[in-house]
Amino acid sequence: MQHVRGQLKATPHQCLQITVEYDGGKYSGWAEQKNARTVMGELRAAFEQTLQCQVELVGAGRTDAGVHARGQVAHVKFNSKSNVSEAFVAAQVNQKLPAEICVVKMVKASPTFHARHDAVAREYVYQIATRKTAFEKRYVWWVKDKLDVEAMQAAAGLLVGRHDFRCYQAQDPSRPNESSIVVVEKAEIELDGDRLLFRIAASHFVWRMVRRLTGALVKLGLGEITMEDFKLLLKGKEVARLDVAAWTAPSSGLFLESVRYR
């Protein structure tokens with residue numbers, strides 16, 4: 001059996017659908033890379049040691065270096081004629097994984113299930129701290145100055161619908177022809193104690209989109225851009241004085257919250 005770029009050459013007999021949570025602070029993102037420690041690389045090693053065979057491992061979405069997940073979904077496909085116990089495999093895999101990564105759910109799925117292609121929506125949440133925190137620095141972006149929360153909430157509401165997010169898109173070398181059109185199902189900001197939570201759900205996301213949107217919302221909340229500026233960017237109209245790339249929010253506050261399937 002040959003293993004090429006995460007694909008099994010022979011038709012896999014079995015498929016496991018897994019839900020994973022991880023602290024991405026120590027990792028170079030989800031996707032496997034040469035000479036870099038990644039979440040996917042750690043998962044593959046743990047599954048292949050447990051199952052004693054090569055596996056196809058694909059996630060519902062790629063997260064950047066430093067980004068976290070509470071509900072990343074992936075499929076693990078492998079060739080084995082023996083039935084495996086999900087509880088046993090999950091326990092063995094979690095023993096082998098580092099402390100920052102945990103498989104929280106594992107179920108058998110059809111061999112045709114595909115974690116990325118079958119997903120209909122992903123939801124992210126970005127956590128902004130409105131005060132200095134002693135314990136959660138790794139999981140928030142502390143914005144020291146006072147924010148106009150109502151203006152940010154109004155702007156977030158404008159994101160719902162079909163828009164061209166080219167102004168918020170970073171060029172992904174692995175997907176040079178990726179469309180910047182995204183349908184956003186939900187976008188809202190809620191105040192939760194000393195935190196602002198920016199939640200956004202969509203069919204898919206272009207690279208760096210959520211972090212750049214967060215940066216723009218903070219700029220608006222600080223009064224450094226106007227609502228008209230925000231609307232122009234949302235129409236895909238680049239404005240020379242608005243350097244959206246420079247506003248990219250830190251990866252520390254971003255979580256892949258959940259993935260939805262039909």
# chains A, B, ... in the order shown; residues from 1 in each chain; ligands from 1
call {"tool": "residues_around", "arguments": {"residues": "Lys137 of chain A", "least_positions_apart": "2", "cutoff": "12 Å", "atoms": "only C-alpha atoms", "output": "ChimeraX atom specification"}}
result
/A:25,127-135,139-143,250-253
call {"tool": "closest_atom_pairs", "arguments": {"of": "segment 213-251 of chain A", "to": "segment 189-200 of chain A", "cutoff": "10 Å", "atoms": "only C-alpha atoms", "output": "Markdown table"}}
result
| residue | atom | partner | partner_atom | distance |
| --- | --- | --- | --- | --- |
| A:Leu213 | CA | A:Phe198 | CA | 9.7 |
| A:Thr214 | CA | A:Phe198 | CA | 7.5 |
| A:Leu217 | CA | A:Phe198 | CA | 9.3 |
call {"tool": "closest_residue", "arguments": {"among": "A:Leu233, A:Val149, A:Ala201, A:Ile18", "to": "Met106 of chain A", "atoms": "only C-alpha atoms"}}
result
A:Ile18
call {"tool": "residues_around", "arguments": {"residues": "Phe88 of chain A", "least_positions_apart": "6", "cutoff": "12 Å", "atoms": "only C-alpha atoms", "output": "list in words"}}
result
Phe47, Thr50, Leu51, Asn94, Gln95, Met106 and Val107 of chain A
call {"tool": "residues_around", "arguments": {"residues": "Ala90 of chain A", "least_positions_apart": "3", "cutoff": "12 Å", "atoms": "only C-alpha atoms", "output": "list in words"}}
result
Leu16, Gln17, Ile18, Thr19, Val20, Leu43, Ala46, Phe47, Thr50, Leu51, Val76, Val84, Ser85, Glu86, Ala87, Val93, Asn94, Gln95, Lys96, Leu97, Cys102, Val103, Val104, Lys105, Met106, Val107 and Lys108 of chain A
call {"tool": "closest_atom_pairs", "arguments": {"of": "segment 29-94 of chain A", "to": "segment 120-126 of chain A", "cutoff": "12 Å", "atoms": "only C-alpha atoms", "output": "JSON lines"}}
result
{"residue": "A:Gly59", "atom": "CA", "partner": "A:Arg122", "partner_atom": "CA", "distance": 11.8}
{"residue": "A:Ala60", "atom": "CA", "partner": "A:Arg122", "partner_atom": "CA", "distance": 8.3}
{"residue": "A:Gly61", "atom": "CA", "partner": "A:Arg122", "partner_atom": "CA", "distance": 8.1}
{"residue": "A:Arg62", "atom": "CA", "partner": "A:Arg122", "partner_atom": "CA", "distance": 11.1}
{"residue": "A:Thr63", "atom": "CA", "partner": "A:Tyr124", "partner_atom": "CA", "distance": 10.5}
{"residue": "A:Val67", "atom": "CA", "partner": "A:Tyr126", "partner_atom": "CA", "distance": 10.0}
{"residue": "A:His68", "atom": "CA", "partner": "A:Tyr124", "partner_atom": "CA", "distance": 9.9}
{"residue": "A:Ala69", "atom": "CA", "partner": "A:Tyr124", "partner_atom": "CA", "distance": 8.7}
{"residue": "A:Arg70", "atom": "CA", "partner": "A:Tyr124", "partner_atom": "CA", "distance": 9.5}
{"residue": "A:Gly71", "atom": "CA", "partner": "A:Glu123", "partner_atom": "CA", "distance": 9.1}
{"residue": "A:Gln72", "atom": "CA", "partner": "A:Arg122", "partner_atom": "CA", "distance": 9.2}
{"residue": "A:Val73", "atom": "CA", "partner": "A:Arg122", "partner_atom": "CA", "distance": 10.0}
call {"tool": "write_last_selection", "arguments": {"atoms": "N, CA and C atoms", "output": "PDB file, in the first residue's frame"}}
result
ATOM      1  N   GLY A  59      -8.493  17.292   6.959  1.00  0.00           N
ATOM      2  CA  GLY A  59      -9.286  18.135   7.854  1.00  0.00           C
ATOM      3  C   GLY A  59     -10.312  18.961   7.102  1.00  0.00           C
ATOM      4  N   ALA A  60     -11.314  19.422   7.839  1.00  0.00           N
ATOM      5  CA  ALA A  60     -12.373  20.235   7.231  1.00  0.00           C
ATOM      6  C   ALA A  60     -11.864  21.611   6.839  1.00  0.00           C
ATOM      7  N   GLY A  61     -10.834  22.087   7.512  1.00  0.00           N
ATOM      8  CA  GLY A  61     -10.281  23.396   7.197  1.00  0.00           C
ATOM      9  C   GLY A  61      -8.856  23.499   7.691  1.00  0.00           C
ATOM     10  N   ARG A  62      -8.104  24.399   7.082  1.00  0.00           N
ATOM     11  CA  ARG A  62      -6.726  24.611   7.507  1.00  0.00           C
ATOM     12  C   ARG A  62      -6.675  25.815   8.436  1.00  0.00           C
ATOM     13  N   THR A  63      -5.993  25.668   9.552  1.00  0.00           N
ATOM     14  CA  THR A  63      -5.792  26.800  10.447  1.00  0.00           C
ATOM     15  C   THR A  63      -4.325  27.212  10.389  1.00  0.00           C
ATOM     16  N   VAL A  67      -3.219  29.407  15.491  1.00  0.00           N
ATOM     17  CA  VAL A  67      -4.677  29.402  15.587  1.00  0.00           C
ATOM     18  C   VAL A  67      -5.125  28.123  16.290  1.00  0.00           C
ATOM     19  N   HIS A  68      -6.191  28.221  17.067  1.00  0.00           N
ATOM     20  CA  HIS A  68      -6.677  27.107  17.871  1.00  0.00           C
ATOM     21  C   HIS A  68      -7.952  26.506  17.273  1.00  0.00           C
ATOM     22  N   ALA A  69      -8.400  25.397  17.852  1.00  0.00           N
ATOM     23  CA  ALA A  69      -9.665  24.787  17.423  1.00  0.00           C
ATOM     24  C   ALA A  69     -10.358  24.133  18.600  1.00  0.00           C
ATOM     25  N   ARG A  70     -11.667  24.308  18.649  1.00  0.00           N
ATOM     26  CA  ARG A  70     -12.490  23.572  19.603  1.00  0.00           C
ATOM     27  C   ARG A  70     -13.253  22.461  18.900  1.00  0.00           C
ATOM     28  N   GLY A  71     -13.435  22.609  17.576  1.00  0.00           N
ATOM     29  CA  GLY A  71     -14.253  21.645  16.860  1.00  0.00           C
ATOM     30  C   GLY A  71     -13.781  21.369  15.445  1.00  0.00           C
ATOM     31  N   GLN A  72     -12.478  21.204  15.251  1.00  0.00           N
ATOM     32  CA  GLN A  72     -11.974  20.788  13.936  1.00  0.00           C
ATOM     33  C   GLN A  72     -12.463  19.367  13.657  1.00  0.00           C
ATOM     34  N   VAL A  73     -12.866  19.121  12.424  1.00  0.00           N
ATOM     35  CA  VAL A  73     -13.313  17.786  12.020  1.00  0.00           C
ATOM     36  C   VAL A  73     -12.364  17.255  10.957  1.00  0.00           C
TER      37      VAL A  73
END
call {"tool": "closest_residue", "arguments": {"among": "A:Phe255, A:Arg138, A:Leu234, A:Thr226", "to": "Ser180 of chain A", "atoms": "only C-alpha atoms"}}
result
A:Leu234
call {"tool": "closest_residue", "arguments": {"among": "A:Ser80, A:Gln49, A:Thr38, A:Gln14", "to": "Asp64 of chain A", "atoms": "only C-alpha atoms"}}
result
A:Thr38
call {"tool": "atom_distance", "arguments": {"atom1": "atom CA of Gln169 of chain A", "atom2": "atom CA of Gly236 of chain A"}}
result
10.1 Å
call {"tool": "closest_residue", "arguments": {"among": "A:Asn35, A:Asn177, A:Ser203, A:Ser28", "to": "Ala119 of chain A", "atoms": "only C-alpha atoms"}}
result
A:Ser203
call {"tool": "atom_distance", "arguments": {"atom1": "atom CA of Gly29 of chain A", "atom2": "atom CA of Glu42 of chain A"}}
result
11.3 Å
call {"tool": "select_by_dssp", "arguments": {"residues": "segment 7-67 of chain A", "states": "strand (DSSP E or B)", "output": "list in words"}}
result
Gln7, Leu8, Gln14, Cys15, Leu16, Gln17, Ile18, Thr19, Val20, Glu21, Tyr22, Glu56, Leu57, Val58 and Gly59 of chain A
call {"tool": "write_last_selection", "arguments": {"atoms": "C-alpha atoms", "output": "PDB file, in the first residue's frame"}}
result
ATOM      1  CA  GLN A   7      -4.122   9.736  -0.121  1.00  0.00           C
ATOM      2  CA  LEU A   8      -4.292   5.954  -0.040  1.00  0.00           C
ATOM      3  CA  GLN A  14     -12.754   1.971   6.823  1.00  0.00           C
ATOM      4  CA  CYS A  15     -13.276   5.608   7.722  1.00  0.00           C
ATOM      5  CA  LEU A  16     -13.344   7.363  11.075  1.00  0.00           C
ATOM      6  CA  GLN A  17     -14.804  10.839  11.507  1.00  0.00           C
ATOM      7  CA  ILE A  18     -13.024  12.644  14.321  1.00  0.00           C
ATOM      8  CA  THR A  19     -13.537  15.930  16.137  1.00  0.00           C
ATOM      9  CA  VAL A  20     -10.346  17.485  17.447  1.00  0.00           C
ATOM     10  CA  GLU A  21      -9.542  20.329  19.804  1.00  0.00           C
ATOM     11  CA  TYR A  22      -6.101  21.871  19.972  1.00  0.00           C
ATOM     12  CA  GLU A  56      -5.430   9.159   4.749  1.00  0.00           C
ATOM     13  CA  LEU A  57      -5.995  12.162   6.995  1.00  0.00           C
ATOM     14  CA  VAL A  58      -7.906  15.244   5.795  1.00  0.00           C
ATOM     15  CA  GLY A  59      -9.286  18.135   7.854  1.00  0.00           C
TER      16      GLY A  59
END
call {"tool": "atom_distance", "arguments": {"atom1": "atom CA of Ala216 of chain A", "atom2": "atom CA of Arg241 of chain A"}}
result
13.1 Å
call {"tool": "select_by_dssp", "arguments": {"residues": "segment 96-232 of chain A", "states": "alpha helix (DSSP H)", "output": "PyMOL selection string"}}
result
chain A and resi 96+149-157+209-221+227-232
call {"tool": "write_last_selection", "arguments": {"atoms": "N, CA and C atoms", "output": "PDB file, in the first residue's frame"}}
result
ATOM      1  N   LYS A  96      -1.030   8.952  22.817  1.00  0.00           N
ATOM      2  CA  LYS A  96       0.161   9.229  22.011  1.00  0.00           C
ATOM      3  C   LYS A  96       0.272  10.706  21.616  1.00  0.00           C
ATOM      4  N   VAL A 149     -18.355  49.446  20.756  1.00  0.00           N
ATOM      5  CA  VAL A 149     -18.894  48.108  20.517  1.00  0.00           C
ATOM      6  C   VAL A 149     -20.116  48.162  19.609  1.00  0.00           C
ATOM      7  N   GLU A 150     -20.971  49.170  19.778  1.00  0.00           N
ATOM      8  CA  GLU A 150     -22.183  49.267  18.957  1.00  0.00           C
ATOM      9  C   GLU A 150     -21.835  49.441  17.478  1.00  0.00           C
ATOM     10  N   ALA A 151     -20.830  50.245  17.174  1.00  0.00           N
ATOM     11  CA  ALA A 151     -20.403  50.430  15.780  1.00  0.00           C
ATOM     12  C   ALA A 151     -19.863  49.118  15.216  1.00  0.00           C
ATOM     13  N   MET A 152     -19.098  48.395  16.027  1.00  0.00           N
ATOM     14  CA  MET A 152     -18.547  47.116  15.583  1.00  0.00           C
ATOM     15  C   MET A 152     -19.659  46.103  15.332  1.00  0.00           C
ATOM     16  N   GLN A 153     -20.673  46.101  16.196  1.00  0.00           N
ATOM     17  CA  GLN A 153     -21.798  45.174  16.015  1.00  0.00           C
ATOM     18  C   GLN A 153     -22.571  45.491  14.735  1.00  0.00           C
ATOM     19  N   ALA A 154     -22.757  46.782  14.476  1.00  0.00           N
ATOM     20  CA  ALA A 154     -23.465  47.177  13.260  1.00  0.00           C
ATOM     21  C   ALA A 154     -22.679  46.763  12.012  1.00  0.00           C
ATOM     22  N   ALA A 155     -21.376  46.930  12.054  1.00  0.00           N
ATOM     23  CA  ALA A 155     -20.541  46.550  10.913  1.00  0.00           C
ATOM     24  C   ALA A 155     -20.530  45.044  10.707  1.00  0.00           C
ATOM     25  N   ALA A 156     -20.474  44.292  11.805  1.00  0.00           N
ATOM     26  CA  ALA A 156     -20.487  42.830  11.701  1.00  0.00           C
ATOM     27  C   ALA A 156     -21.761  42.359  11.020  1.00  0.00           C
ATOM     28  N   GLY A 157     -22.877  43.004  11.321  1.00  0.00           N
ATOM     29  CA  GLY A 157     -24.143  42.632  10.708  1.00  0.00           C
ATOM     30  C   GLY A 157     -24.142  42.789   9.195  1.00  0.00           C
ATOM     31  N   MET A 209      -8.953  35.686   6.077  1.00  0.00           N
ATOM     32  CA  MET A 209     -10.168  36.502   6.040  1.00  0.00           C
ATOM     33  C   MET A 209     -10.664  36.890   7.426  1.00  0.00           C
ATOM     34  N   VAL A 210     -10.769  35.933   8.340  1.00  0.00           N
ATOM     35  CA  VAL A 210     -11.342  36.225   9.655  1.00  0.00           C
ATOM     36  C   VAL A 210     -10.432  37.169  10.444  1.00  0.00           C
ATOM     37  N   ARG A 211      -9.144  36.941  10.388  1.00  0.00           N
ATOM     38  CA  ARG A 211      -8.219  37.797  11.141  1.00  0.00           C
ATOM     39  C   ARG A 211      -8.183  39.210  10.583  1.00  0.00           C
ATOM     40  N   ARG A 212      -8.311  39.357   9.269  1.00  0.00           N
ATOM     41  CA  ARG A 212      -8.318  40.704   8.680  1.00  0.00           C
ATOM     42  C   ARG A 212      -9.650  41.412   8.927  1.00  0.00           C
ATOM     43  N   LEU A 213     -10.744  40.659   8.908  1.00  0.00           N
ATOM     44  CA  LEU A 213     -12.026  41.258   9.260  1.00  0.00           C
ATOM     45  C   LEU A 213     -12.013  41.736  10.710  1.00  0.00           C
ATOM     46  N   THR A 214     -11.435  40.926  11.586  1.00  0.00           N
ATOM     47  CA  THR A 214     -11.331  41.321  12.988  1.00  0.00           C
ATOM     48  C   THR A 214     -10.526  42.602  13.122  1.00  0.00           C
ATOM     49  N   GLY A 215      -9.427  42.677  12.401  1.00  0.00           N
ATOM     50  CA  GLY A 215      -8.604  43.886  12.434  1.00  0.00           C
ATOM     51  C   GLY A 215      -9.373  45.111  11.970  1.00  0.00           C
ATOM     52  N   ALA A 216     -10.170  44.959  10.909  1.00  0.00           N
ATOM     53  CA  ALA A 216     -10.964  46.080  10.392  1.00  0.00           C
ATOM     54  C   ALA A 216     -12.031  46.497  11.397  1.00  0.00           C
ATOM     55  N   LEU A 217     -12.667  45.513  12.039  1.00  0.00           N
ATOM     56  CA  LEU A 217     -13.690  45.828  13.040  1.00  0.00           C
ATOM     57  C   LEU A 217     -13.085  46.580  14.227  1.00  0.00           C
ATOM     58  N   VAL A 218     -11.881  46.193  14.638  1.00  0.00           N
ATOM     59  CA  VAL A 218     -11.210  46.900  15.726  1.00  0.00           C
ATOM     60  C   VAL A 218     -10.843  48.320  15.301  1.00  0.00           C
ATOM     61  N   LYS A 219     -10.355  48.480  14.083  1.00  0.00           N
ATOM     62  CA  LYS A 219     -10.038  49.817  13.571  1.00  0.00           C
ATOM     63  C   LYS A 219     -11.281  50.708  13.601  1.00  0.00           C
ATOM     64  N   LEU A 220     -12.417  50.130  13.217  1.00  0.00           N
ATOM     65  CA  LEU A 220     -13.673  50.870  13.266  1.00  0.00           C
ATOM     66  C   LEU A 220     -14.033  51.212  14.704  1.00  0.00           C
ATOM     67  N   GLY A 221     -13.887  50.233  15.594  1.00  0.00           N
ATOM     68  CA  GLY A 221     -14.207  50.455  17.009  1.00  0.00           C
ATOM     69  C   GLY A 221     -13.335  51.507  17.660  1.00  0.00           C
ATOM     70  N   MET A 227     -17.457  53.947   8.985  1.00  0.00           N
ATOM     71  CA  MET A 227     -18.360  52.906   8.496  1.00  0.00           C
ATOM     72  C   MET A 227     -18.356  52.884   6.969  1.00  0.00           C
ATOM     73  N   GLU A 228     -18.213  54.045   6.346  1.00  0.00           N
ATOM     74  CA  GLU A 228     -18.154  54.102   4.877  1.00  0.00           C
ATOM     75  C   GLU A 228     -16.903  53.396   4.361  1.00  0.00           C
ATOM     76  N   ASP A 229     -15.789  53.554   5.072  1.00  0.00           N
ATOM     77  CA  ASP A 229     -14.564  52.821   4.707  1.00  0.00           C
ATOM     78  C   ASP A 229     -14.825  51.318   4.769  1.00  0.00           C
ATOM     79  N   PHE A 230     -15.474  50.887   5.838  1.00  0.00           N
ATOM     80  CA  PHE A 230     -15.761  49.461   6.022  1.00  0.00           C
ATOM     81  C   PHE A 230     -16.639  48.944   4.891  1.00  0.00           C
ATOM     82  N   LYS A 231     -17.642  49.728   4.514  1.00  0.00           N
ATOM     83  CA  LYS A 231     -18.557  49.324   3.439  1.00  0.00           C
ATOM     84  C   LYS A 231     -17.844  49.240   2.092  1.00  0.00           C
ATOM     85  N   LEU A 232     -16.937  50.175   1.843  1.00  0.00           N
ATOM     86  CA  LEU A 232     -16.171  50.146   0.591  1.00  0.00           C
ATOM     87  C   LEU A 232     -15.345  48.873   0.484  1.00  0.00           C
TER      88      LEU A 232
END
call {"tool": "residues_around", "arguments": {"residues": "Arg162 of chain A", "least_positions_apart": "2", "cutoff": "12 Å", "atoms": "only C-alpha atoms", "output": "list in words"}}
result
Leu158, Leu159, Val160, Asp164, Phe165, Ser180, Ile181, Val182, Val183, Val184, Glu185, Lys186, Ala202, Ser203, His204, Leu234, Lys235 and Gly236 of chain A
call {"tool": "closest_residue", "arguments": {"among": "A:Ala187, A:Ala109, A:Ala74, A:Cys167", "to": "Leu242 of chain A", "atoms": "only C-alpha atoms"}}
result
A:Cys167
call {"tool": "decode", "arguments": {"residues": "segment 82-112 of chain A", "atoms": "C-alpha atoms", "output": "tab-separated table (two decimals), in the first residue's frame"}}
result
chain	number	residue	atom	x	y	z
A	82	SER	CA	-10.72	-6.09	10.95
A	83	ASN	CA	-13.34	-4.01	12.71
A	84	VAL	CA	-11.81	-1.46	15.04
A	85	SER	CA	-13.21	-0.21	18.33
A	86	GLU	CA	-13.62	3.56	18.24
A	87	ALA	CA	-13.27	3.80	22.02
A	88	PHE	CA	-10.03	1.80	21.99
A	89	VAL	CA	-8.53	3.75	19.06
A	90	ALA	CA	-9.51	7.10	20.59
A	91	ALA	CA	-7.93	6.17	23.94
A	92	GLN	CA	-4.72	4.94	22.30
A	93	VAL	CA	-4.44	7.96	19.99
A	94	ASN	CA	-4.99	10.42	22.84
A	95	GLN	CA	-2.27	8.70	24.87
A	96	LYS	CA	0.16	9.23	22.01
A	97	LEU	CA	-0.81	12.83	21.24
A	98	PRO	CA	0.90	15.78	22.94
A	99	ALA	CA	-1.03	17.58	25.67
A	100	GLU	CA	-2.14	20.41	23.36
A	101	ILE	CA	-4.09	18.10	21.01
A	102	CYS	CA	-7.07	15.93	21.89
A	103	VAL	CA	-9.54	13.80	19.91
A	104	VAL	CA	-12.85	14.57	21.64
A	105	LYS	CA	-15.15	12.52	19.41
A	106	MET	CA	-14.71	9.58	17.05
A	107	VAL	CA	-17.39	7.76	15.05
A	108	LYS	CA	-17.33	5.35	12.14
A	109	ALA	CA	-18.32	6.95	8.84
A	110	SER	CA	-18.93	5.83	5.28
A	111	PRO	CA	-15.72	5.27	3.29
A	112	THR	CA	-17.06	7.95	0.92
